[in-house]
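File shown: input-v6.pdb. Contents: PDB, C-alpha atoms.
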ATOM      1  CA  MET A   1     104.231  83.170 195.649  1.00  0.00           C
ATOM      2  CA  LYS A   2     107.065  81.722 193.583  1.00  0.00           C
ATOM      3  CA  LYS A   3     104.652  80.854 190.761  1.00  0.00           C
ATOM      4  CA  LEU A   4     103.304  84.389 190.783  1.00  0.00           C
ATOM      5  CA  LEU A   5     106.836  85.751 190.616  1.00  0.00           C
ATOM      6  CA  VAL A   6     107.702  83.493 187.652  1.00  0.00           C
ATOM      7  CA  ILE A   7     104.487  84.420 185.809  1.00  0.00           C
ATOM      8  CA  SER A   8     105.002  88.139 186.352  1.00  0.00           C
ATOM      9  CA  LEU A   9     108.623  87.803 185.227  1.00  0.00           C
ATOM     10  CA  ILE A  10     107.469  86.057 182.015  1.00  0.00           C
ATOM     11  CA  VAL A  11     104.852  88.743 181.411  1.00  0.00           C
ATOM     12  CA  LEU A  12     107.396  91.492 182.015  1.00  0.00           C
ATOM     13  CA  LEU A  13     110.023  89.838 179.814  1.00  0.00           C
ATOM     14  CA  ASN A  14     107.478  89.785 177.007  1.00  0.00           C
ATOM     15  CA  GLY A  15     107.906  93.551 177.054  1.00  0.00           C
ATOM     16  CA  CYS A  16     106.488  95.053 173.931  1.00  0.00           C
ATOM     17  CA  SER A  17     105.684  91.735 172.279  1.00  0.00           C
ATOM     18  CA  SER A  18     102.251  93.051 171.342  1.00  0.00           C
ATOM     19  CA  VAL A  19     104.068  95.084 168.676  1.00  0.00           C
ATOM     20  CA  THR A  20     104.253  93.034 165.507  1.00  0.00           C
ATOM     21  CA  GLY A  21     106.759  93.480 162.747  1.00  0.00           C
ATOM     22  CA  PRO A  22     105.569  95.172 159.575  1.00  0.00           C
ATOM     23  CA  LYS A  23     103.858  92.895 157.061  1.00  0.00           C
ATOM     24  CA  MET A  24     106.204  92.929 154.111  1.00  0.00           C
ATOM     25  CA  THR A  25     105.384  91.461 150.774  1.00  0.00           C
ATOM     26  CA  MET A  26     106.881  92.007 147.361  1.00  0.00           C
ATOM     27  CA  THR A  27     105.097  94.125 144.810  1.00  0.00           C
ATOM     28  CA  TRP A  28     103.374  92.273 141.992  1.00  0.00           C
ATOM     29  CA  PRO A  29     105.466  92.822 138.850  1.00  0.00           C
ATOM     30  CA  ASP A  30     104.273  94.668 135.773  1.00  0.00           C
ATOM     31  CA  THR A  31     103.069  92.509 132.926  1.00  0.00           C
ATOM     32  CA  PRO A  32     105.568  92.538 130.043  1.00  0.00           C
ATOM     33  CA  PRO A  33     104.282  95.087 127.469  1.00  0.00           C
ATOM     34  CA  ASP A  34     104.132  92.495 124.673  1.00  0.00           C
ATOM     35  CA  LEU A  35     101.587  90.521 126.675  1.00  0.00           C
ATOM     36  CA  LYS A  36      99.356  93.545 127.272  1.00  0.00           C
ATOM     37  CA  THR A  37      98.137  93.939 123.717  1.00  0.00           C
ATOM     38  CA  ALA A  38      95.005  92.156 122.513  1.00  0.00           C
ATOM     39  CA  CYS A  39      95.089  89.735 119.591  1.00  0.00           C
ATOM     40  CA  PRO A  40      93.877  91.359 116.347  1.00  0.00           C
ATOM     41  CA  ASP A  41      90.965  90.041 114.304  1.00  0.00           C
ATOM     42  CA  LEU A  42      91.663  87.746 111.366  1.00  0.00           C
ATOM     43  CA  ALA A  43      92.312  89.441 108.032  1.00  0.00           C
ATOM     44  CA  GLN A  44      89.637  89.366 105.345  1.00  0.00           C
ATOM     45  CA  VAL A  45      90.145  88.476 101.670  1.00  0.00           C
ATOM     46  CA  ASP A  46      89.264  91.212  99.172  1.00  0.00           C
ATOM     47  CA  PRO A  47      85.680  90.217  98.187  1.00  0.00           C
ATOM     48  CA  ASN A  48      86.235  91.362  94.580  1.00  0.00           C
ATOM     49  CA  THR A  49      89.201  89.133  93.931  1.00  0.00           C
ATOM     50  CA  THR A  50      89.021  85.906  91.988  1.00  0.00           C
ATOM     51  CA  LYS A  51      92.689  85.094  92.448  1.00  0.00           C
ATOM     52  CA  LEU A  52      93.441  82.021  94.519  1.00  0.00           C
ATOM     53  CA  SER A  53      96.871  83.471  95.343  1.00  0.00           C
ATOM     54  CA  ASP A  54      95.230  86.462  97.074  1.00  0.00           C
ATOM     55  CA  ALA A  55      93.043  84.187  99.176  1.00  0.00           C
ATOM     56  CA  LEU A  56      96.032  81.961  99.956  1.00  0.00           C
ATOM     57  CA  GLY A  57      98.072  84.970 101.024  1.00  0.00           C
ATOM     58  CA  VAL A  58      95.417  86.092 103.498  1.00  0.00           C
ATOM     59  CA  ILE A  59      94.851  82.549 104.796  1.00  0.00           C
ATOM     60  CA  THR A  60      98.550  81.942 105.503  1.00  0.00           C
ATOM     61  CA  SER A  61      98.779  85.364 107.093  1.00  0.00           C
ATOM     62  CA  ASN A  62      95.870  84.424 109.353  1.00  0.00           C
ATOM     63  CA  TYR A  63      97.609  81.169 110.286  1.00  0.00           C
ATOM     64  CA  SER A  64     100.658  83.109 111.404  1.00  0.00           C
ATOM     65  CA  GLN A  65      98.381  85.516 113.261  1.00  0.00           C
ATOM     66  CA  TYR A  66      96.888  82.567 115.116  1.00  0.00           C
ATOM     67  CA  TYR A  67     100.332  81.277 116.128  1.00  0.00           C
ATOM     68  CA  LEU A  68     101.381  84.733 117.324  1.00  0.00           C
ATOM     69  CA  CYS A  69      98.240  84.945 119.425  1.00  0.00           C
ATOM     70  CA  LYS A  70      98.646  81.388 120.746  1.00  0.00           C
ATOM     71  CA  ASP A  71     102.209  82.183 121.720  1.00  0.00           C
ATOM     72  CA  LYS A  72     101.014  85.301 123.530  1.00  0.00           C
ATOM     73  CA  VAL A  73      98.435  83.355 125.550  1.00  0.00           C
ATOM     74  CA  ASP A  74     100.905  80.551 126.340  1.00  0.00           C
ATOM     75  CA  ASN A  75     103.514  83.060 127.462  1.00  0.00           C
ATOM     76  CA  TRP A  76     100.962  84.946 129.514  1.00  0.00           C
ATOM     77  CA  LEU A  77     100.017  81.760 131.386  1.00  0.00           C
ATOM     78  CA  ASP A  78     103.646  80.832 131.845  1.00  0.00           C
ATOM     79  CA  TRP A  79     104.475  84.336 133.094  1.00  0.00           C
ATOM     80  CA  TYR A  80     101.531  84.402 135.500  1.00  0.00           C
ATOM     81  CA  ASN A  81     102.234  80.956 136.978  1.00  0.00           C
ATOM     82  CA  THR A  82     105.929  81.728 137.432  1.00  0.00           C
ATOM     83  CA  GLN A  83     105.248  85.089 139.071  1.00  0.00           C
ATOM     84  CA  GLN A  84     102.576  83.629 141.337  1.00  0.00           C
ATOM     85  CA  LYS A  85     104.990  80.933 142.507  1.00  0.00           C
ATOM     86  CA  ILE A  86     107.623  83.597 143.281  1.00  0.00           C
ATOM     87  CA  TYR A  87     105.052  85.833 144.985  1.00  0.00           C
ATOM     88  CA  ASN A  88     103.734  82.995 147.160  1.00  0.00           C
ATOM     89  CA  SER A  89     107.264  82.067 148.223  1.00  0.00           C
ATOM     90  CA  VAL A  90     107.595  85.312 150.230  1.00  0.00           C
ATOM     91  CA  LYS A  91     104.081  85.497 151.650  1.00  0.00           C
TER      92      LYS A  91
ATOM     93  CA  MET U   1     103.719 110.624 166.721  1.00  0.00           C
ATOM     94  CA  PHE U   2     104.340 109.986 170.416  1.00  0.00           C
ATOM     95  CA  ASN U   3     105.094 106.332 169.690  1.00  0.00           C
ATOM     96  CA  TRP U   4     107.529 107.334 166.980  1.00  0.00           C
ATOM     97  CA  LEU U   5     109.314 109.782 169.305  1.00  0.00           C
ATOM     98  CA  LEU U   6     109.449 107.141 172.020  1.00  0.00           C
ATOM     99  CA  GLU U   7     110.853 104.577 169.574  1.00  0.00           C
ATOM    100  CA  GLN U   8     113.499 107.039 168.410  1.00  0.00           C
ATOM    101  CA  ALA U   9     114.464 107.931 171.976  1.00  0.00           C
ATOM    102  CA  LEU U  10     114.609 104.278 173.069  1.00  0.00           C
ATOM    103  CA  GLY U  11     116.470 103.328 169.914  1.00  0.00           C
ATOM    104  CA  PHE U  12     119.441 105.461 171.006  1.00  0.00           C
ATOM    105  CA  LEU U  13     119.759 103.712 174.345  1.00  0.00           C
ATOM    106  CA  PRO U  14     122.011 100.633 174.486  1.00  0.00           C
ATOM    107  CA  VAL U  15     120.268  97.364 175.414  1.00  0.00           C
ATOM    108  CA  TRP U  16     122.541  96.710 178.422  1.00  0.00           C
ATOM    109  CA  ILE U  17     121.034  99.736 180.175  1.00  0.00           C
ATOM    110  CA  TRP U  18     117.833  97.790 180.985  1.00  0.00           C
ATOM    111  CA  PRO U  19     119.339  94.805 182.833  1.00  0.00           C
ATOM    112  CA  ALA U  20     121.632  97.325 184.523  1.00  0.00           C
ATOM    113  CA  THR U  21     118.576  99.333 185.625  1.00  0.00           C
ATOM    114  CA  ALA U  22     116.862  96.194 186.920  1.00  0.00           C
ATOM    115  CA  GLY U  23     120.077  95.155 188.673  1.00  0.00           C
ATOM    116  CA  ALA U  24     120.480  98.582 190.247  1.00  0.00           C
ATOM    117  CA  GLY U  25     116.841  98.479 191.363  1.00  0.00           C
ATOM    118  CA  THR U  26     117.399  95.080 192.962  1.00  0.00           C
ATOM    119  CA  VAL U  27     120.537  96.261 194.771  1.00  0.00           C
ATOM    120  CA  VAL U  28     118.738  99.380 196.047  1.00  0.00           C
ATOM    121  CA  TYR U  29     115.729  97.304 197.092  1.00  0.00           C
ATOM    122  CA  PHE U  30     117.843  94.963 199.211  1.00  0.00           C
ATOM    123  CA  PHE U  31     119.939  97.837 200.470  1.00  0.00           C
ATOM    124  CA  SER U  32     116.757  99.566 201.635  1.00  0.00           C
ATOM    125  CA  HIS U  33     116.013  96.465 203.782  1.00  0.00           C
ATOM    126  CA  ILE U  34     119.364  96.888 205.454  1.00  0.00           C
ATOM    127  CA  LEU U  35     118.727 100.613 205.870  1.00  0.00           C
ATOM    128  CA  ALA U  36     115.415  99.830 207.540  1.00  0.00           C
ATOM    129  CA  THR U  37     117.302  98.261 210.449  1.00  0.00           C
ATOM    130  CA  PHE U  38     118.688 101.700 211.271  1.00  0.00           C
ATOM    131  CA  PRO U  39     115.947 103.743 212.995  1.00  0.00           C
ATOM    132  CA  ASN U  40     117.251 107.022 211.566  1.00  0.00           C
ATOM    133  CA  PHE U  41     116.868 105.871 207.968  1.00  0.00           C
ATOM    134  CA  LYS U  42     113.721 103.780 208.351  1.00  0.00           C
ATOM    135  CA  PRO U  43     111.280 106.522 207.230  1.00  0.00           C
ATOM    136  CA  TYR U  44     113.183 106.920 203.918  1.00  0.00           C
ATOM    137  CA  THR U  45     112.954 103.260 203.090  1.00  0.00           C
ATOM    138  CA  ALA U  46     109.178 103.568 202.796  1.00  0.00           C
ATOM    139  CA  PHE U  47     109.845 105.717 199.738  1.00  0.00           C
ATOM    140  CA  ILE U  48     113.009 103.941 198.468  1.00  0.00           C
ATOM    141  CA  LYS U  49     111.442 100.444 198.454  1.00  0.00           C
ATOM    142  CA  PRO U  50     108.540 101.126 196.029  1.00  0.00           C
ATOM    143  CA  VAL U  51     110.770 103.261 193.808  1.00  0.00           C
ATOM    144  CA  ALA U  52     113.363 100.473 193.668  1.00  0.00           C
ATOM    145  CA  PHE U  53     110.648  97.913 192.971  1.00  0.00           C
ATOM    146  CA  ILE U  54     109.221  99.995 190.124  1.00  0.00           C
ATOM    147  CA  THR U  55     112.764 100.454 188.778  1.00  0.00           C
ATOM    148  CA  ILE U  56     113.160  96.651 188.732  1.00  0.00           C
ATOM    149  CA  LEU U  57     109.849  96.255 186.897  1.00  0.00           C
ATOM    150  CA  VAL U  58     110.700  98.940 184.338  1.00  0.00           C
ATOM    151  CA  GLY U  59     114.158  97.456 183.785  1.00  0.00           C
ATOM    152  CA  VAL U  60     112.853  93.921 183.260  1.00  0.00           C
ATOM    153  CA  PHE U  61     109.974  95.137 181.066  1.00  0.00           C
ATOM    154  CA  MET U  62     112.202  97.250 178.865  1.00  0.00           C
ATOM    155  CA  TYR U  63     114.812  94.483 178.632  1.00  0.00           C
ATOM    156  CA  GLY U  64     112.053  92.154 177.455  1.00  0.00           C
ATOM    157  CA  GLY U  65     110.904  94.780 174.960  1.00  0.00           C
ATOM    158  CA  ALA U  66     114.446  95.219 173.648  1.00  0.00           C
ATOM    159  CA  GLY U  67     114.741  91.454 173.189  1.00  0.00           C
ATOM    160  CA  VAL U  68     111.458  91.302 171.314  1.00  0.00           C
ATOM    161  CA  THR U  69     112.506  94.265 169.144  1.00  0.00           C
ATOM    162  CA  GLU U  70     115.745  92.475 168.337  1.00  0.00           C
ATOM    163  CA  ILE U  71     113.808  89.353 167.293  1.00  0.00           C
ATOM    164  CA  LEU U  72     111.424  91.433 165.162  1.00  0.00           C
ATOM    165  CA  GLN U  73     114.309  93.268 163.518  1.00  0.00           C
ATOM    166  CA  ALA U  74     115.967  89.964 162.688  1.00  0.00           C
ATOM    167  CA  GLN U  75     112.668  88.746 161.186  1.00  0.00           C
ATOM    168  CA  ILE U  76     112.354  91.963 159.157  1.00  0.00           C
ATOM    169  CA  LYS U  77     115.897  91.594 157.837  1.00  0.00           C
ATOM    170  CA  GLU U  78     115.206  87.968 156.907  1.00  0.00           C
ATOM    171  CA  GLN U  79     112.002  88.963 155.128  1.00  0.00           C
ATOM    172  CA  GLU U  80     113.776  91.814 153.338  1.00  0.00           C
ATOM    173  CA  ALA U  81     116.423  89.408 152.090  1.00  0.00           C
ATOM    174  CA  LYS U  82     113.716  86.984 150.939  1.00  0.00           C
ATOM    175  CA  ILE U  83     111.895  89.794 149.105  1.00  0.00           C
ATOM    176  CA  ALA U  84     115.104  90.956 147.415  1.00  0.00           C
ATOM    177  CA  VAL U  85     115.720  87.428 146.124  1.00  0.00           C
ATOM    178  CA  ALA U  86     112.095  87.135 144.972  1.00  0.00           C
ATOM    179  CA  GLN U  87     112.187  90.555 143.235  1.00  0.00           C
ATOM    180  CA  GLN U  88     115.309  89.476 141.366  1.00  0.00           C
ATOM    181  CA  ALA U  89     113.703  86.150 140.399  1.00  0.00           C
ATOM    182  CA  SER U  90     110.590  88.012 139.273  1.00  0.00           C
ATOM    183  CA  SER U  91     112.623  90.448 137.193  1.00  0.00           C
ATOM    184  CA  ASP U  92     114.581  87.554 135.663  1.00  0.00           C
ATOM    185  CA  ALA U  93     111.315  85.770 134.829  1.00  0.00           C
ATOM    186  CA  ASN U  94     110.033  88.935 133.102  1.00  0.00           C
ATOM    187  CA  THR U  95     113.213  89.217 131.053  1.00  0.00           C
ATOM    188  CA  ALA U  96     113.026  85.535 130.135  1.00  0.00           C
ATOM    189  CA  VAL U  97     109.420  85.897 128.940  1.00  0.00           C
ATOM    190  CA  GLN U  98     110.282  89.025 126.931  1.00  0.00           C
ATOM    191  CA  THR U  99     113.196  87.239 125.251  1.00  0.00           C
ATOM    192  CA  LYS U 100     111.010  84.225 124.511  1.00  0.00           C
ATOM    193  CA  ILE U 101     108.304  86.416 122.958  1.00  0.00           C
ATOM    194  CA  VAL U 102     110.824  88.205 120.723  1.00  0.00           C
ATOM    195  CA  THR U 103     112.371  84.908 119.585  1.00  0.00           C
ATOM    196  CA  HIS U 104     109.019  83.217 118.939  1.00  0.00           C
ATOM    197  CA  THR U 105     107.619  86.264 117.102  1.00  0.00           C
ATOM    198  CA  LYS U 106     110.666  86.309 114.826  1.00  0.00           C
ATOM    199  CA  VAL U 107     110.337  82.597 114.053  1.00  0.00           C
ATOM    200  CA  ILE U 108     106.620  82.960 113.252  1.00  0.00           C
ATOM    201  CA  HIS U 109     107.230  86.043 111.079  1.00  0.00           C
ATOM    202  CA  ASP U 110     110.118  84.390 109.254  1.00  0.00           C
ATOM    203  CA  THR U 111     107.993  81.325 108.554  1.00  0.00           C
ATOM    204  CA  GLN U 112     105.215  83.577 107.267  1.00  0.00           C
ATOM    205  CA  VAL U 113     107.658  85.337 104.944  1.00  0.00           C
ATOM    206  CA  VAL U 114     108.806  81.970 103.565  1.00  0.00           C
ATOM    207  CA  TYR U 115     105.218  80.969 102.738  1.00  0.00           C
ATOM    208  CA  GLN U 116     104.398  84.359 101.209  1.00  0.00           C
ATOM    209  CA  GLU U 117     107.475  83.926  98.989  1.00  0.00           C
ATOM    210  CA  LYS U 118     106.329  80.442  98.023  1.00  0.00           C
ATOM    211  CA  ILE U 119     102.920  81.832  97.039  1.00  0.00           C
ATOM    212  CA  LYS U 120     104.605  84.512  94.904  1.00  0.00           C
ATOM    213  CA  GLU U 121     106.648  81.830  93.153  1.00  0.00           C
ATOM    214  CA  VAL U 122     103.581  79.864  92.089  1.00  0.00           C
ATOM    215  CA  GLU U 123     101.188  82.802  91.862  1.00  0.00           C
ATOM    216  CA  LYS U 124     100.892  82.850  88.088  1.00  0.00           C
ATOM    217  CA  LYS U 125     100.475  79.107  87.820  1.00  0.00           C
ATOM    218  CA  ILE U 126      97.733  78.751  90.420  1.00  0.00           C
ATOM    219  CA  ASP U 127      95.885  81.872  89.291  1.00  0.00           C
ATOM    220  CA  ALA U 128      95.896  80.607  85.700  1.00  0.00           C
ATOM    221  CA  ASP U 129      94.648  77.160  86.666  1.00  0.00           C
ATOM    222  CA  CYS U 130      91.984  78.266  89.105  1.00  0.00           C
ATOM    223  CA  LYS U 131      89.584  81.145  89.513  1.00  0.00           C
ATOM    224  CA  VAL U 132      87.934  81.491  92.843  1.00  0.00           C
ATOM    225  CA  ASP U 133      84.201  81.936  92.891  1.00  0.00           C
ATOM    226  CA  PRO U 134      83.190  85.113  94.856  1.00  0.00           C
ATOM    227  CA  GLU U 135      80.865  82.862  96.891  1.00  0.00           C
ATOM    228  CA  ALA U 136      83.917  81.026  98.213  1.00  0.00           C
ATOM    229  CA  ILE U 137      85.490  84.315  99.297  1.00  0.00           C
ATOM    230  CA  THR U 138      82.250  85.340 101.037  1.00  0.00           C
ATOM    231  CA  ILE U 139      82.199  82.045 102.951  1.00  0.00           C
ATOM    232  CA  LEU U 140      85.901  82.361 103.835  1.00  0.00           C
ATOM    233  CA  ASN U 141      85.492  85.947 105.066  1.00  0.00           C
ATOM    234  CA  GLY U 142      82.364  85.019 107.005  1.00  0.00           C
ATOM    235  CA  ALA U 143      84.244  82.230 108.779  1.00  0.00           C
ATOM    236  CA  ALA U 144      87.171  84.553 109.525  1.00  0.00           C
ATOM    237  CA  LYS U 145      84.922  87.134 111.124  1.00  0.00           C
ATOM    238  CA  ASN U 146      84.887  87.183 114.912  1.00  0.00           C
ATOM    239  CA  PRO U 147      81.474  85.743 115.931  1.00  0.00           C
ATOM    240  CA  LEU U 148      81.658  87.779 119.156  1.00  0.00           C
ATOM    241  CA  GLY U 149      82.028  91.084 117.305  1.00  0.00           C
ATOM    242  CA  ALA U 150      85.032  93.299 116.788  1.00  0.00           C
ATOM    243  CA  THR U 151      87.870  93.067 119.317  1.00  0.00           C
ATOM    244  CA  LYS U 152      88.360  96.154 121.439  1.00  0.00           C
TER     245      LYS U 152
END
Can you turn what I pasted into structure tokens?
Amino acid sequence: MKKLLVISLIVLLNGCSSVTGPKMTMTWPDTPPDLKTACPDLAQVDPNTTKLSDALGVITSNYSQYYLCKDKVDNWLDWYNTQQKIYNSVK
Amino acid sequence: MFNWLLEQALGFLPVWIWPATAGAGTVVYFFSHILATFPNFKPYTAFIKPVAFITILVGVFMYGGAGVTEILQAQIKEQEAKIAVAQQASSDANTAVQTKIVTHTKVIHDTQVVYQEKIKEVEKKIDADCKVDPEAITILNGAAKNPLGATK
């Protein structure tokens, strides 16, 4: 009888324990706008030119284009990994 | 809708009211036993006893519910605080990335400008010494073309 009383008291004291708190997570942040743009294609040298300086100009410009694009990809990875770590910390 | 109304109504009641209800139910329940010894009141106790017992049950149940609600609210507050910290960290990370991109882009552009200037300085000399065969330009442009097609 005592056991039954204790069990019913425990059940009663649970009250509305079937109600769970709302699942709250943070919203995934927006990607920085600079990381949203695609990398452009490499520039082409004017096919009618015979000047080495023209070709050199386009080649160096393409090198800088590559570094800009590399930086974008590196930053994107860095941004994603950082945000994922933050997001997982409140899951 | 009914749940919401019930929650609102219960939310206004102080928590102490539930143990008080259970306590009052207990007192009435035992008092009804004493009343039962008096023959005049005995018939009433048949009604008072179950009502008192149900009052005890309701009181204990609601007190338990209030306790659980309190725990859940504390958990919600804790989670809200955690989310606020995370949102701030996330926003800071976004700002840091933006700043880094701006700085890096400037460095890369500045370096590019330096090399373009260097080319201009020696332009006449290298163009006089060397003429590029159009075949070389065709090869260079072919290699620079995206093999996967144009980027969208």
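For region 122-133 of chain U, the list of residues within 7 Å, based on all atoms listed in the file and with local chain neighbours fewer than 5 positions off taken out, reads A:Thr50, A:Lys51, A:Leu52, A:Ser53.
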*asked:* Evaluate the PyMOL selection byres ((chain U) within 8 of (chain A)) against this structure - the residues, as JSON, numbers by chain, please.
replied: {"U": [57, 60, 61, 62, 63, 64, 65, 66, 68, 69, 72, 73, 75, 76, 79, 80, 82, 83, 86, 87, 89, 90, 91, 93, 94, 97, 98, 101, 104, 105, 108, 109, 112, 115, 116, 119, 120, 123, 126, 127, 130, 131, 132, 133, 134, 137, 138, 140, 141, 144, 145, 146, 150, 151, 152]}
*At what distance in Å, to one decimal, does CA of Thr103 (chain U) lie from CA of Val73 (chain A)?*
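Distance reported for this atom pair: 15.2 Å.
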Region 12-19 of chain U environment, 6 Å, all atoms listed in the file, sequence neighbours closer than 3 positions dropped, as a tab-separated table (two decimals) with C-alpha atoms, in the coordinates of the input:
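Once written, selection_37.tsv looks like this:
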chain	number	residue	atom	x	y	z
U	9	ALA	CA	114.46	107.93	171.98
U	22	ALA	CA	116.86	96.19	186.92
U	23	GLY	CA	120.08	95.16	188.67
U	59	GLY	CA	114.16	97.46	183.78
U	63	TYR	CA	114.81	94.48	178.63
Centre, x/y/z edge lengths, axis-aligned box for region 57-70 of chain A with 8 Å per side, as lines of an AutoDock Vina configuration file:
center_x = 98.1
center_y = 83.6
center_z = 110.9
size_x = 22.5
size_y = 20.9
size_z = 35.7
_Evaluate the PyMOL selection byres ((chain U and resi 33) around 12) against this structure - the residues, as a PyMOL selection string, please._
chain U and resi 26-32+34-39+41-50+52
_Computed interatomic separation between CA of Phe53 (chain U) and CA of Leu5 (chain A) (Å)_ = 13.0 Å
*Mind giving me the straight-line distance from CA of Asn3 (chain U) to CA of Ile56 (chain U) in Å, one decimal?*
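CA of Ile56 (chain U) lies at a distance of 22.8 Å from CA of Asn3 (chain U).
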